[in-house]
Structures are given as structure tokens and as C-alpha cells.
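Source file: model_21.cif. Holds: mmCIF, C-alpha atoms.
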data_start
#
loop_
_atom_site.group_PDB
_atom_site.id
_atom_site.type_symbol
_atom_site.label_atom_id
_atom_site.label_comp_id
_atom_site.auth_asym_id
_atom_site.auth_seq_id
_atom_site.Cartn_x
_atom_site.Cartn_y
_atom_site.Cartn_z
ATOM 1 C CA MET A 1 118.752 90.314 96.615
ATOM 2 C CA ILE A 2 117.251 88.206 99.379
ATOM 3 C CA GLU A 3 115.163 85.114 99.470
ATOM 4 C CA PRO A 4 111.943 85.541 101.440
ATOM 5 C CA THR A 5 110.057 83.137 103.625
ATOM 6 C CA CYS A 6 106.318 82.722 103.102
ATOM 7 C CA ASP A 7 103.946 83.681 105.882
ATOM 8 C CA ALA A 8 100.906 85.784 106.616
ATOM 9 C CA LEU A 9 103.038 88.898 106.380
ATOM 10 C CA SER A 10 103.115 88.411 102.614
ATOM 11 C CA ARG A 11 99.423 89.177 102.293
ATOM 12 C CA ARG A 12 99.636 92.173 104.627
ATOM 13 C CA SER A 13 102.644 93.494 102.756
ATOM 14 C CA LEU A 14 100.829 93.186 99.434
ATOM 15 C CA LEU A 15 98.039 95.411 100.704
ATOM 16 C CA ILE A 16 100.576 97.901 102.025
ATOM 17 C CA GLY A 17 102.540 97.966 98.791
ATOM 18 C CA THR A 18 99.456 98.334 96.602
ATOM 19 C CA ALA A 19 98.462 101.329 98.687
ATOM 20 C CA THR A 20 101.764 102.971 97.763
ATOM 21 C CA ALA A 21 100.710 103.437 94.160
ATOM 22 C CA ALA A 22 97.411 104.906 95.283
ATOM 23 C CA GLY A 23 99.065 107.398 97.626
ATOM 24 C CA ALA A 24 98.009 105.748 100.892
ATOM 25 C CA VAL A 25 99.961 105.780 104.138
ATOM 26 C CA LEU A 26 102.375 102.839 104.540
ATOM 27 C CA THR A 27 103.247 100.927 107.695
ATOM 28 C CA ALA A 28 106.714 99.495 108.350
ATOM 29 C CA ARG A 29 107.249 95.901 109.439
ATOM 30 C CA VAL A 30 107.891 96.984 113.015
ATOM 31 C CA GLY A 31 104.498 98.672 113.081
ATOM 32 C CA THR A 32 105.664 102.290 113.038
ATOM 33 C CA ALA A 33 103.605 104.557 110.806
ATOM 34 C CA ALA A 34 105.570 105.867 107.828
ATOM 35 C CA GLU A 35 105.233 109.319 106.321
ATOM 36 C CA PRO A 36 102.515 109.572 103.649
ATOM 37 C CA PRO A 37 103.882 109.377 100.108
ATOM 38 C CA ALA A 38 104.264 112.674 98.269
ATOM 39 C CA PRO A 39 101.431 113.691 95.911
ATOM 40 C CA CYS A 40 103.793 113.093 92.966
ATOM 41 C CA CYS A 41 103.565 109.381 93.728
ATOM 42 C CA ASP A 42 99.899 109.246 92.701
ATOM 43 C CA ALA A 43 99.225 106.290 90.403
ATOM 44 C CA ALA A 44 98.007 108.721 87.731
ATOM 45 C CA ALA A 45 101.554 110.110 87.436
ATOM 46 C CA VAL A 46 103.175 106.732 86.771
ATOM 47 C CA LYS A 47 104.523 106.267 83.259
ATOM 48 C CA THR A 48 104.428 102.834 81.663
ATOM 49 C CA TYR A 49 106.748 101.591 78.959
ATOM 50 C CA GLN A 50 107.099 98.982 76.260
ATOM 51 C CA SER A 51 110.438 97.271 75.714
ATOM 52 C CA ALA A 52 110.483 98.629 72.161
ATOM 53 C CA ASP A 53 110.848 102.106 73.684
ATOM 54 C CA PHE A 54 114.403 101.228 74.735
ATOM 55 C CA TYR A 55 115.844 99.706 71.569
ATOM 56 C CA GLY A 56 116.880 101.264 68.273
ATOM 57 C CA ALA A 57 115.989 99.991 64.824
ATOM 58 C CA ASP A 58 119.257 98.018 64.892
ATOM 59 C CA GLY A 59 118.288 96.357 68.192
ATOM 60 C CA LYS A 60 120.848 98.326 70.202
ATOM 61 C CA PHE A 61 119.916 99.062 73.810
ATOM 62 C CA LEU A 62 119.323 102.819 74.221
ATOM 63 C CA VAL A 63 120.902 103.509 77.599
ATOM 64 C CA ASP A 64 120.117 107.242 77.510
ATOM 65 C CA LYS A 65 116.396 106.563 77.112
ATOM 66 C CA ALA A 66 116.523 104.088 79.971
ATOM 67 C CA ARG A 67 118.335 106.614 82.169
ATOM 68 C CA GLU A 68 115.712 109.261 81.510
ATOM 69 C CA ALA A 69 112.953 106.803 82.428
ATOM 70 C CA TYR A 70 114.616 106.226 85.802
ATOM 71 C CA PHE A 71 115.200 109.930 86.356
ATOM 72 C CA ASP A 72 111.542 110.580 85.589
ATOM 73 C CA MET A 73 110.648 108.029 88.278
ATOM 74 C CA PHE A 74 113.087 109.675 90.706
ATOM 75 C CA ARG A 75 111.412 113.042 90.154
ATOM 76 C CA ARG A 76 108.005 111.492 90.746
ATOM 77 C CA PHE A 77 109.277 109.984 94.003
ATOM 78 C CA GLN A 78 111.048 113.260 94.918
ATOM 79 C CA TYR A 79 114.313 111.332 95.107
ATOM 80 C CA PRO A 80 117.393 113.568 94.644
ATOM 81 C CA ILE A 81 119.351 113.143 91.418
ATOM 82 C CA SER A 82 122.833 113.939 92.719
ATOM 83 C CA ASP A 83 125.945 114.503 90.633
ATOM 84 C CA LYS A 84 127.289 111.177 91.900
ATOM 85 C CA LEU A 85 124.141 109.379 90.813
ATOM 86 C CA GLN A 86 124.246 110.969 87.360
ATOM 87 C CA LYS A 87 127.864 109.908 86.906
ATOM 88 C CA GLU A 88 127.919 106.477 88.532
ATOM 89 C CA MET A 89 124.457 104.921 88.137
ATOM 90 C CA TRP A 90 124.668 101.861 85.899
ATOM 91 C CA ILE A 91 121.854 100.373 83.832
ATOM 92 C CA LEU A 92 121.466 96.772 82.615
ATOM 93 C CA ASP A 93 119.097 94.913 80.312
ATOM 94 C CA PHE A 94 121.050 91.685 80.987
ATOM 95 C CA GLY A 95 121.216 91.016 77.241
ATOM 96 C CA LEU A 96 117.586 89.839 77.282
ATOM 97 C CA GLU A 97 116.212 92.640 75.065
ATOM 98 C CA ASP A 98 113.087 93.007 77.225
ATOM 99 C CA PHE A 99 114.094 96.011 79.304
ATOM 100 C CA ALA A 100 110.622 97.267 80.263
ATOM 101 C CA HIS A 101 110.051 93.923 81.978
ATOM 102 C CA VAL A 102 113.532 92.608 82.833
ATOM 103 C CA GLY A 103 116.305 95.033 83.771
ATOM 104 C CA MET A 104 117.492 97.387 86.475
ATOM 105 C CA ALA A 105 119.582 100.383 87.396
ATOM 106 C CA GLY A 106 121.685 100.743 90.487
ATOM 107 C CA ILE A 107 124.652 102.254 92.231
ATOM 108 C CA PHE A 108 127.196 100.639 94.538
ATOM 109 C CA TRP A 109 127.728 103.108 97.353
ATOM 110 C CA LEU A 110 130.498 100.885 98.677
ATOM 111 C CA ASN A 111 131.802 97.318 98.317
ATOM 112 C CA ARG A 112 134.491 96.550 100.915
ATOM 113 C CA GLN A 113 136.258 93.236 100.588
ATOM 114 C CA ASP A 114 138.624 94.132 103.453
ATOM 115 C CA TYR A 115 135.779 94.523 105.969
ATOM 116 C CA ASN A 116 133.234 92.374 104.115
ATOM 117 C CA TYR A 117 130.323 94.769 103.712
ATOM 118 C CA PHE A 118 128.373 96.254 100.842
ATOM 119 C CA GLY A 119 125.859 99.052 100.245
ATOM 120 C CA HIS A 120 123.747 99.136 97.108
ATOM 121 C CA GLU A 121 120.715 101.000 95.770
ATOM 122 C CA ILE A 122 118.435 99.156 93.330
ATOM 123 C CA TYR A 123 116.147 101.036 90.934
ATOM 124 C CA LEU A 124 113.274 99.314 89.120
ATOM 125 C CA LEU A 125 110.679 100.712 86.737
ATOM 126 C CA PRO A 126 107.021 99.679 87.260
ATOM 127 C CA GLY A 127 106.736 95.897 86.961
ATOM 128 C CA GLN A 128 110.448 95.501 86.137
ATOM 129 C CA MET A 129 112.235 92.333 87.283
ATOM 130 C CA ILE A 130 115.846 91.568 88.156
ATOM 131 C CA PRO A 131 116.643 88.167 86.563
ATOM 132 C CA GLU A 132 116.669 85.251 88.963
ATOM 133 C CA HIS A 133 120.145 84.589 90.311
ATOM 134 C CA CYS A 134 122.220 83.223 93.182
ATOM 135 C CA HIS A 135 125.600 84.039 94.734
ATOM 136 C CA LEU A 136 128.278 81.389 95.196
ATOM 137 C CA ALA A 137 131.436 81.413 97.292
ATOM 138 C CA THR A 138 134.617 82.387 95.428
ATOM 139 C CA ALA A 139 138.340 82.557 96.116
ATOM 140 C CA LYS A 140 137.695 86.013 97.583
ATOM 141 C CA GLY A 141 135.225 84.892 100.235
ATOM 142 C CA ALA A 142 131.939 83.286 101.259
ATOM 143 C CA ALA A 143 128.719 83.467 99.286
ATOM 144 C CA LYS A 144 127.028 86.850 99.517
ATOM 145 C CA MET A 145 124.332 87.500 102.131
ATOM 146 C CA GLU A 146 121.676 90.156 101.430
ATOM 147 C CA SER A 147 118.761 92.084 102.919
ATOM 148 C CA TRP A 148 116.408 94.490 101.115
ATOM 149 C CA GLN A 149 114.477 97.535 102.247
ATOM 150 C CA PRO A 150 112.144 99.382 99.839
ATOM 151 C CA ARG A 151 112.408 103.158 100.294
ATOM 152 C CA ARG A 152 109.922 104.153 97.590
ATOM 153 C CA GLY A 153 107.225 102.003 96.000
ATOM 154 C CA MET A 154 107.111 98.291 96.808
ATOM 155 C CA ILE A 155 108.535 94.997 95.566
ATOM 156 C CA TYR A 156 107.561 91.359 95.214
ATOM 157 C CA THR A 157 110.483 89.270 96.475
ATOM 158 C CA PHE A 158 110.674 85.709 95.183
ATOM 159 C CA GLY A 159 112.741 82.884 96.639
ATOM 160 C CA GLU A 160 112.828 79.175 97.261
ATOM 161 C CA GLY A 161 110.036 77.707 99.372
ATOM 162 C CA GLU A 162 106.367 76.804 99.196
ATOM 163 C CA PRO A 163 104.929 78.315 95.981
ATOM 164 C CA THR A 164 102.470 81.194 96.260
ATOM 165 C CA PRO A 165 100.426 80.797 93.056
ATOM 166 C CA GLU A 166 98.488 84.016 93.617
ATOM 167 C CA PHE A 167 101.645 86.040 92.890
ATOM 168 C CA LEU A 168 103.050 84.182 89.902
ATOM 169 C CA ASP A 169 101.399 86.589 87.469
ATOM 170 C CA LYS A 170 103.750 89.298 88.794
ATOM 171 C CA ILE A 171 106.646 87.522 87.060
ATOM 172 C CA PRO A 172 107.155 88.814 83.487
ATOM 173 C CA ALA A 173 105.919 86.314 80.928
ATOM 174 C CA SER A 174 109.352 85.980 79.351
ATOM 175 C CA GLN A 175 110.785 84.631 82.638
ATOM 176 C CA ARG A 176 107.845 82.824 84.205
ATOM 177 C CA GLU A 177 108.715 79.325 82.994
ATOM 178 C CA ILE A 178 112.453 79.735 83.671
ATOM 179 C CA VAL A 179 112.567 80.752 87.322
ATOM 180 C CA LYS A 180 113.034 78.284 90.163
ATOM 181 C CA SER A 181 111.886 80.713 92.878
ATOM 182 C CA ARG A 182 108.104 80.634 93.265
ATOM 183 C CA CYS A 183 107.561 81.684 96.871
ATOM 184 C CA CYS A 184 106.650 85.372 97.002
ATOM 185 C CA LYS A 185 106.743 87.833 99.871
ATOM 186 C CA PRO A 186 105.715 91.421 99.036
ATOM 187 C CA LEU A 187 107.573 94.197 100.848
ATOM 188 C CA GLY A 188 106.297 97.735 101.383
ATOM 189 C CA ILE A 189 108.220 100.860 102.340
ATOM 190 C CA ASP A 190 110.812 100.203 105.070
ATOM 191 C CA GLU A 191 109.834 96.558 105.480
ATOM 192 C CA LEU A 192 112.835 94.235 105.506
ATOM 193 C CA GLY A 193 113.437 90.864 103.932
ATOM 194 C CA ASP A 194 116.412 88.540 104.195
ATOM 195 C CA LEU A 195 118.009 85.775 102.152
ATOM 196 C CA ASN A 196 116.999 82.683 104.078
ATOM 197 C CA ARG A 197 120.151 80.762 103.207
ATOM 198 C CA LEU A 198 123.366 81.399 101.317
ATOM 199 C CA THR A 199 123.457 80.446 97.606
ATOM 200 C CA ALA A 200 119.629 80.413 97.338
ATOM 201 C CA TRP A 201 117.931 81.385 94.063
ATOM 202 C CA HIS A 202 116.027 84.669 94.294
ATOM 203 C CA PHE A 203 114.800 87.754 92.430
ATOM 204 C CA MET A 204 112.512 90.752 92.833
ATOM 205 C CA VAL A 205 109.834 92.479 90.756
ATOM 206 C CA ALA A 206 108.801 96.107 91.241
ATOM 207 C CA GLY A 207 105.243 97.028 92.091
ATOM 208 C CA PRO A 208 102.965 99.207 89.947
ATOM 209 C CA ALA A 209 104.709 102.490 90.841
ATOM 210 C CA GLY A 210 108.269 101.193 90.452
ATOM 211 C CA ALA A 211 110.705 100.849 93.343
ATOM 212 C CA LEU A 212 113.815 102.262 94.957
ATOM 213 C CA VAL A 213 115.365 99.620 97.198
ATOM 214 C CA THR A 214 118.264 99.788 99.635
ATOM 215 C CA GLU A 215 120.272 96.572 99.743
ATOM 216 C CA TYR A 216 122.542 95.646 102.647
ATOM 217 C CA GLY A 217 124.969 92.810 102.102
ATOM 218 C CA THR A 218 128.338 91.223 102.523
ATOM 219 C CA PHE A 219 131.105 91.749 99.962
ATOM 220 C CA HIS A 220 129.804 91.317 96.407
ATOM 221 C CA ASP A 221 132.166 89.363 94.151
ATOM 222 C CA MET A 222 130.813 89.346 90.594
ATOM 223 C CA ASP A 223 132.615 86.041 89.968
ATOM 224 C CA GLY A 224 130.116 84.339 92.273
ATOM 225 C CA LEU A 225 127.014 85.595 90.438
ATOM 226 C CA ARG A 226 124.961 83.002 88.543
ATOM 227 C CA PHE A 227 121.728 83.456 86.542
ATOM 228 C CA SER A 228 119.113 80.758 86.045
ATOM 229 C CA ASN A 229 118.346 82.129 82.564
ATOM 230 C CA PRO A 230 121.253 80.951 80.367
ATOM 231 C CA LYS A 231 120.789 84.007 78.113
ATOM 232 C CA ALA A 232 121.196 86.531 80.943
ATOM 233 C CA LYS A 233 124.529 88.332 81.209
ATOM 234 C CA LEU A 234 126.020 91.515 82.602
#
Show the structure stored in the file as C-alpha cells.
Amino acid sequence: MIEPTCDALSRRSLLIGTATAAGAVLTARVGTAAEPPAPCCDAAAVKTYQSADFYGADGKFLVDKAREAYFDMFRRFQYPISDKLQKEMWILDFGLEDFAHVGMAGIFWLNRQDYNYFGHEIYLLPGQMIPEHCHLATAKGAAKMESWQPRRGMIYTFGEGEPTPEFLDKIPASQREIVKSRCCKPLGIDELGDLNRLTAWHFMVAGPAGALVTEYGTFHDMDGLRFSNPKAKL
């Protein structure tokens, strides 16, 4: 994930991202008109979930139910469900037992330590948050650098900086008092955001239609990952 800076673009991006759920045309950060979203992305087609939907009577996380929720979102976004994706997509609730609000799915397309680059796809259900975290340097290399680019839906990116109180209600209630990052920059389709410094705290929350996000980064060493929530784990 990346840490955003706060500027007037945040407000413009919010309007762009909100239009995504309503089926409006989006505009990229560079000002080039994007293709209109497919009719399947109409807000009326969006499914919402409760965390209880993803846990059994014994409290066990039901990964298969979570996977089907993501695949349903992929079909709505007309995003191909390839054999590779079916086999290699991973799903996390971070041990927080609040999956509808805090969790993610993803796939590492590549993670090259030898050439120090990384390609990742992030999948978030509507309103779902990745727990706040940072990346530290390790024996394998420098702290990870990241950039994000929503390809479907929109996201609220949170990082260090001047707080933006108008967006704090986007943070799930279970995490709102824990996070350090309170500066929000919304990103719409094909807009880009960057981590403003290495090791910064950051996280993202999906918009009302969910989100598919391409992440570009340097080599990702799991040993350098730290969460601000002491209960969060992989």
C-alpha cells in the first residue's frame, strides 16, 4: 500500500470514485477519459455482507464463502477468473474475525528479490479495509516502496499527514481508534497514489462497490511487515 498526500485532488477523487458505484464515467488523474463502467457495476447489483456470513458456529473462518464473495464481485466487474487466479488467490481475515470490514484477497504476480520489483493485485469487498501497516528494512533489502492504481471501483487511501475528518467514517468502527493514519486521499479508476516516505503507516478501504487494485512495488519481504493493531496477523 501507499501513503497519500492530502490536497484538493482528494475531493475530486471522491466524486469520481462515488460515481463508479452509480455507473458514471470515470476520469483518470492525467485527465484522460476512461471507458464507462459495464452495466453489471450498477450499485443495485452490489452485494453487502455481515462478518457473521464468513464464520462457522465454531468461529472458524470460512475461506470458501469468502472466495465466492470475491468471485461474485469479479463477475459483476467483468473481471476474468482465470485458472491461475482460482489456484493462487489467497484470502486473509488477519485473525481479527471481522472479515466483512477488515480483510482482503490478493495474488502476487511476481516478487523478484534479485531485481527488486513486485507486482500484486489487491481485492477488497465493499467497504473492506486492509489493516494499517508499515514496511521496514530487513536483512534482504530496503523498506518496501509502493504505488496503487484502482482498476475497478475506488479506494480511500489513508496515510500519515494532516487529518481529513470528513473521511474518518470510512474506517471500520473496529479499527477507527487504533489507526495512526488519518489523512485520506480517495482514488478512482486508474488514478495513482504513492507512499510518501519509506516505513510510513498506511492502509486502504474499498469504496461502496468494492475494489480491484493493482499495486506496483519493490521487493516485498514479509519479515518487514508490521501492523499497528497488535491482534492482526497473517
Of A:Ala173, A:Ala209, A:Ala52, A:Met204, the one sitting nearest Thr157 (chain A) when using only C-alpha atoms is A:Met204
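Residues matched by the PyMOL selection byres ((chain A and resi 171) around 10) in this structure: His101, Val102, Gly127, Gln128, Met129, Tyr156, Phe158, Phe167, Leu168, Asp169, Lys170, Pro172, Ala173, Ser174, Gln175, Arg176, Glu177, Val179, Arg182, Phe203, Met204, Val205 and Ala206 of chain A.
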Counting only C-alpha atoms, the residue of A:Leu110, A:Leu96, A:Leu125, A:Cys183 that sits nearest Phe219 (chain A) | A:Leu110
In the coordinate frame of the file, compute which residues have an atom within 10 Å of (129.1, 88.0, 88.1) when using only C-alpha atoms, and state them as a list in words.
-> His133, Cys134, His135, Leu136, His220, Asp221, Met222, Asp223, Gly224, Leu225, Arg226, Phe227, Lys233 and Leu234 of chain A
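Note that CA of Phe108 (chain A) and CA of Lys84 (chain A) are 10.9 Å apart.
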Apply the PyMOL selection byres ((chain A and resi 118) around 6) to the file shown and report the selected residues as a PyMOL selection string.
-> chain A and resi 110-111+117+119+217-219
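Distances from A:Leu92, A:Gly153, A:Gln113, A:Leu124 to Gln78 (chain A) were compared using only C-alpha atoms, and the smallest one belongs to A:Gly153.
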Expanded to explicit residues, what is the PyMOL selection byres ((chain A and resi 106) around 7) for this file, as a ChimeraX atom specification?
-> /A:89-91,104-105,107-108,121-123
